[in-house]
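Here is the file coords-v9.pdb (PDB, C-alpha atoms).
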ATOM      1  CA  MET C   1       0.000   0.000   0.000
ATOM      2  CA  THR C   2       2.884   2.399   0.769
ATOM      3  CA  GLY C   3       4.319   1.821  -2.705
ATOM      4  CA  LEU C   4       1.023   2.949  -4.232
ATOM      5  CA  TRP C   5       1.121   6.242  -2.306
ATOM      6  CA  VAL C   6       4.747   6.801  -3.313
ATOM      7  CA  ALA C   7       3.847   6.228  -6.964
ATOM      8  CA  ILE C   8       0.895   8.639  -6.708
ATOM      9  CA  GLY C   9       3.140  11.246  -5.067
ATOM     10  CA  VAL C  10       5.793  10.912  -7.767
ATOM     11  CA  LEU C  11       3.183  11.200 -10.525
ATOM     12  CA  ALA C  12       1.642  14.271  -8.903
ATOM     13  CA  ALA C  13       5.044  15.945  -8.513
ATOM     14  CA  ALA C  14       5.946  15.172 -12.127
ATOM     15  CA  GLY C  15       2.614  16.581 -13.289
ATOM     16  CA  VAL C  16       3.117  19.829 -11.366
ATOM     17  CA  PHE C  17       6.666  20.158 -12.702
ATOM     18  CA  GLY C  18       5.440  19.549 -16.266
ATOM     19  CA  VAL C  19       2.733  22.198 -16.020
ATOM     20  CA  LEU C  20       5.111  24.793 -14.553
ATOM     21  CA  HIS C  21       7.802  24.021 -17.131
ATOM     22  CA  ARG C  22       5.338  24.287 -20.002
ATOM     23  CA  ARG C  23       3.990  27.611 -18.755
ATOM     24  CA  ARG C  24       7.477  29.095 -18.603
ATOM     25  CA  ASP C  25       8.862  27.643 -21.842
ATOM     26  CA  GLY C  26       8.980  30.201 -24.649
ATOM     27  CA  ARG C  27       7.809  33.101 -22.493
ATOM     28  CA  VAL C  28       9.360  36.404 -23.450
ATOM     29  CA  ARG C  29      10.701  38.139 -20.346
ATOM     30  CA  VAL C  30      13.309  40.572 -19.038
ATOM     31  CA  ARG C  31      16.316  39.544 -16.958
ATOM     32  CA  GLU C  32      17.995  42.151 -14.779
ATOM     33  CA  SER C  33      21.437  40.989 -15.890
ATOM     34  CA  ASP C  34      20.469  41.750 -19.520
ATOM     35  CA  ARG C  35      19.583  45.392 -18.937
ATOM     36  CA  GLU C  36      23.091  46.827 -19.344
ATOM     37  CA  ARG C  37      24.409  44.393 -21.977
ATOM     38  CA  ARG C  38      24.773  45.447 -25.612
ATOM     39  CA  LEU C  39      25.754  43.229 -28.517
ATOM     40  CA  ASP C  40      27.424  44.505 -31.670
ATOM     41  CA  ALA C  41      27.685  43.179 -35.219
ATOM     42  CA  ALA C  42      31.092  41.605 -34.539
ATOM     43  CA  GLU C  43      29.737  39.538 -31.626
ATOM     44  CA  LEU C  44      26.649  38.530 -33.589
ATOM     45  CA  GLY C  45      28.439  37.665 -36.796
ATOM     46  CA  GLY C  46      25.908  39.740 -38.720
ATOM     47  CA  PRO C  47      24.597  43.292 -38.913
ATOM     48  CA  LEU C  48      22.165  44.782 -36.445
ATOM     49  CA  GLY C  49      18.725  45.609 -37.767
ATOM     50  CA  GLU C  50      17.826  49.215 -38.483
ATOM     51  CA  ARG C  51      15.049  49.128 -35.845
ATOM     52  CA  ALA C  52      15.605  45.860 -33.952
ATOM     53  CA  THR C  53      17.372  42.493 -34.129
ATOM     54  CA  LEU C  54      16.112  39.019 -33.241
ATOM     55  CA  VAL C  55      19.029  36.831 -32.151
ATOM     56  CA  GLN C  56      18.354  33.097 -32.070
ATOM     57  CA  PHE C  57      20.737  30.692 -30.332
ATOM     58  CA  SER C  58      20.286  27.234 -31.866
ATOM     59  CA  SER C  59      21.900  23.826 -31.943
ATOM     60  CA  ALA C  60      22.133  21.266 -34.740
ATOM     61  CA  PHE C  61      19.600  18.690 -33.561
ATOM     62  CA  CYS C  62      17.127  21.034 -31.893
ATOM     63  CA  GLN C  63      13.624  20.468 -33.274
ATOM     64  CA  PRO C  64      12.083  23.578 -31.642
ATOM     65  CA  CYS C  65      14.913  25.620 -33.200
ATOM     66  CA  ARG C  66      13.516  24.931 -36.670
ATOM     67  CA  ALA C  67      10.044  26.085 -35.664
ATOM     68  CA  THR C  68      11.526  29.158 -33.965
ATOM     69  CA  ARG C  69      13.452  29.972 -37.148
ATOM     70  CA  ARG C  70      10.145  29.973 -39.071
ATOM     71  CA  VAL C  71       8.426  32.178 -36.483
ATOM     72  CA  LEU C  72      11.258  34.721 -36.523
ATOM     73  CA  ALA C  73      11.382  34.700 -40.340
ATOM     74  CA  GLU C  74       7.635  35.492 -40.417
ATOM     75  CA  VAL C  75       8.070  38.332 -37.962
ATOM     76  CA  THR C  76      11.033  39.858 -39.820
ATOM     77  CA  ALA C  77       9.009  39.705 -43.051
ATOM     78  CA  MET C  78       6.122  41.555 -41.357
ATOM     79  CA  VAL C  79       8.082  44.233 -39.490
ATOM     80  CA  PRO C  80      10.348  46.507 -41.567
ATOM     81  CA  GLY C  81      13.814  47.235 -40.202
ATOM     82  CA  VAL C  82      14.024  44.039 -38.148
ATOM     83  CA  THR C  83      16.825  41.534 -38.769
ATOM     84  CA  HIS C  84      17.081  37.885 -37.692
ATOM     85  CA  VAL C  85      20.527  36.543 -36.776
ATOM     86  CA  GLU C  86      20.951  32.865 -35.921
ATOM     87  CA  ILE C  87      23.932  31.754 -33.847
ATOM     88  CA  ASP C  88      25.073  28.146 -33.451
ATOM     89  CA  ALA C  89      25.389  27.825 -29.677
ATOM     90  CA  GLU C  90      27.995  25.058 -29.934
ATOM     91  CA  GLU C  91      30.309  27.208 -32.049
ATOM     92  CA  ARG C  92      29.994  30.288 -29.831
ATOM     93  CA  LEU C  93      30.295  28.825 -26.310
ATOM     94  CA  PRO C  94      32.062  31.842 -24.752
ATOM     95  CA  LEU C  95      29.192  34.132 -25.832
ATOM     96  CA  VAL C  96      26.610  31.551 -24.731
ATOM     97  CA  ARG C  97      28.198  31.380 -21.272
ATOM     98  CA  GLU C  98      28.562  35.141 -20.994
ATOM     99  CA  LEU C  99      24.878  35.679 -21.815
ATOM    100  CA  GLY C 100      23.653  32.823 -19.609
ATOM    101  CA  ILE C 101      22.031  30.866 -22.442
ATOM    102  CA  LEU C 102      20.928  27.602 -20.821
ATOM    103  CA  LYS C 103      18.886  25.968 -23.590
ATOM    104  CA  THR C 104      18.160  26.159 -27.279
ATOM    105  CA  PRO C 105      16.352  27.827 -28.771
ATOM    106  CA  THR C 106      16.860  31.055 -26.875
ATOM    107  CA  VAL C 107      15.819  34.282 -28.566
ATOM    108  CA  LEU C 108      17.129  37.715 -27.608
ATOM    109  CA  VAL C 109      15.277  40.817 -28.764
ATOM    110  CA  LEU C 110      17.712  43.697 -29.287
ATOM    111  CA  ASP C 111      16.943  47.359 -29.847
ATOM    112  CA  ALA C 112      18.578  49.331 -32.686
ATOM    113  CA  ARG C 113      21.725  49.917 -30.580
ATOM    114  CA  GLY C 114      22.115  46.241 -29.664
ATOM    115  CA  GLY C 115      20.696  46.483 -26.139
ATOM    116  CA  ILE C 116      18.926  43.360 -24.894
ATOM    117  CA  VAL C 117      15.272  44.231 -24.361
ATOM    118  CA  ARG C 118      13.750  40.771 -23.888
ATOM    119  CA  ARG C 119      14.651  37.082 -24.009
ATOM    120  CA  ALA C 120      12.736  33.854 -24.488
ATOM    121  CA  ALA C 121      14.076  30.416 -23.608
ATOM    122  CA  GLY C 122      12.194  27.867 -25.676
ATOM    123  CA  GLN C 123      10.018  28.378 -28.724
ATOM    124  CA  PRO C 124       8.266  31.762 -28.517
ATOM    125  CA  ARG C 125       4.848  32.501 -29.977
ATOM    126  CA  THR C 126       4.624  34.951 -32.876
ATOM    127  CA  ALA C 127       2.404  37.324 -30.884
ATOM    128  CA  ASP C 128       4.923  37.415 -28.025
ATOM    129  CA  VAL C 129       7.799  38.228 -30.383
ATOM    130  CA  ILE C 130       5.810  41.051 -31.991
ATOM    131  CA  ALA C 131       4.914  42.438 -28.568
ATOM    132  CA  ALA C 132       8.572  42.333 -27.504
ATOM    133  CA  LEU C 133       9.546  44.132 -30.699
ATOM    134  CA  GLY C 134       7.058  46.849 -29.816
ATOM    135  CA  GLU C 135       9.157  47.541 -26.751
ATOM    136  CA  ALA C 136      12.423  47.453 -28.697
ATOM    137  CA  VAL C 137      11.372  49.773 -31.508
TER     138      VAL C 137
END

As structure tokens, what does this structure read like?
Amino acid sequence: MTGLWVAIGVLAAAGVFGVLHRRRDGRVRVRESDRERRLDAAELGGPLGERATLVQFSSAFCQPCRATRRVLAEVTAMVPGVTHVEIDAEERLPLVRELGILKTPTVLVLDARGGIVRRAAGQPRTADVIAALGEAV
């Protein structure tokens, strides 16, 4: 009988963890440590956008990275002056560590001067990216 209660407890804990993880995944938010950081074209390996830049950190076998790439391509096509730069996290480990990138995909929304306005760990929704760009522009 005790084993049954342990199994129920483990399942309940896993369920709560899953719900919390899913709610947080892909959410666009601000981190205090990002507020003062600016990225330039040399660090990104590509030019900054005229109005804003979407920086995507990806890895080779990341399935959500492909979907994120499509979302960001749609947004850059809709919003003039916005550029999408994709960075292979494995090739740029020092930058990944410096920025505290813990998973792929991670998207940084930069203003025209390269300041980090928002970040999303996980696949963001199109509406959330557009809203974050509204703050950056």

Centre, x/y/z edge lengths, axis-aligned box for region 71-85 of chain C with 6 Å per side, as lines of an AutoDock Vina configuration file:
center_x = 13.3
center_y = 39.7
center_z = -39.8
size_x = 26.4
size_y = 27.1
size_z = 18.6

Task: Selection dump of the PyMOL selection byres ((chain C and resi 102) around 12), as a PyMOL selection string - done: chain C and resi 57-59+89-90+93+95-101+103-107+119-122

TODO: Extract, using only C-alpha atoms, all DNA, RNA and protein residues at most 8 Å from Glu50 (chain C), discarding same-chain residues fewer than 5 positions from it, and format them as a list of chain:residue names.
DONE: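 With the cut-off at 8 Å, the set is C:Gly81, C:Val82, C:Thr83, C:Ala112.
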
TODO: Would you please work out which residue, of C:Ala136, C:Ile130, C:Leu108, C:Cys65, is nearest to Val79 (chain C) when using only C-alpha atoms?
DONE: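 Using only C-alpha atoms, the shortest distance to Val79 (chain C) belongs to C:Ile130.
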
Task: Distance of CA of Val55 (chain C) from CA of Glu86 (chain C), expressed in Å to one decimal place - done: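 About the pair CA of Glu86 (chain C) and CA of Val55 (chain C): they are 5.8 Å apart.
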
- [ ] Could you jot down the CA of Ala132 (chain C) to CA of Val71 (chain C) separation for me, Å, one decimal place?
- [x]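 Separating CA of Ala132 (chain C) from CA of Val71 (chain C) is a distance of 13.6 Å.
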
Task: Atomic distance CA of Arg35 (chain C) - CA of Ala67 (chain C), expressed in Å with one decimal - done: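 Value for the CA of Arg35 (chain C)-CA of Ala67 (chain C) distance: 27.3 Å.
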
Task: Nearest candidate to Glu91 (chain C) (options C:Leu44, C:Arg66, C:Ala73, C:Thr53; using only C-alpha atoms) - done: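 Once distances to Glu91 (chain C) are computed over only C-alpha atoms, the minimum belongs to C:Leu44.
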
TODO: Could you expand the PyMOL selection byres ((chain C and resi 128) around 12) into the explicit residues it covers here, written as a PyMOL selection string?
DONE: chain C and resi 26-29+71-72+75+107+109+118-120+123-127+129-135

Task: Nearest to Asp111 (chain C) by atom-to-atom distance, counting only C-alpha atoms, from C:Val137, C:Ala41, C:Thr68, C:Pro94 - done: C:Val137

- [ ] Between C:Ile87, C:Pro64, C:Pro80, C:Arg92, single out the one closest to Ala52 (chain C), counting all atoms listed in the file.
- [x] C:Pro80

Task: Option closest in space to Phe61 (chain C), from C:Arg113, C:Glu36, C:Ala42, C:Asp88 [counting only C-alpha atoms] - done: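 Counting only C-alpha atoms, the residue closest to Phe61 (chain C) is C:Asp88.
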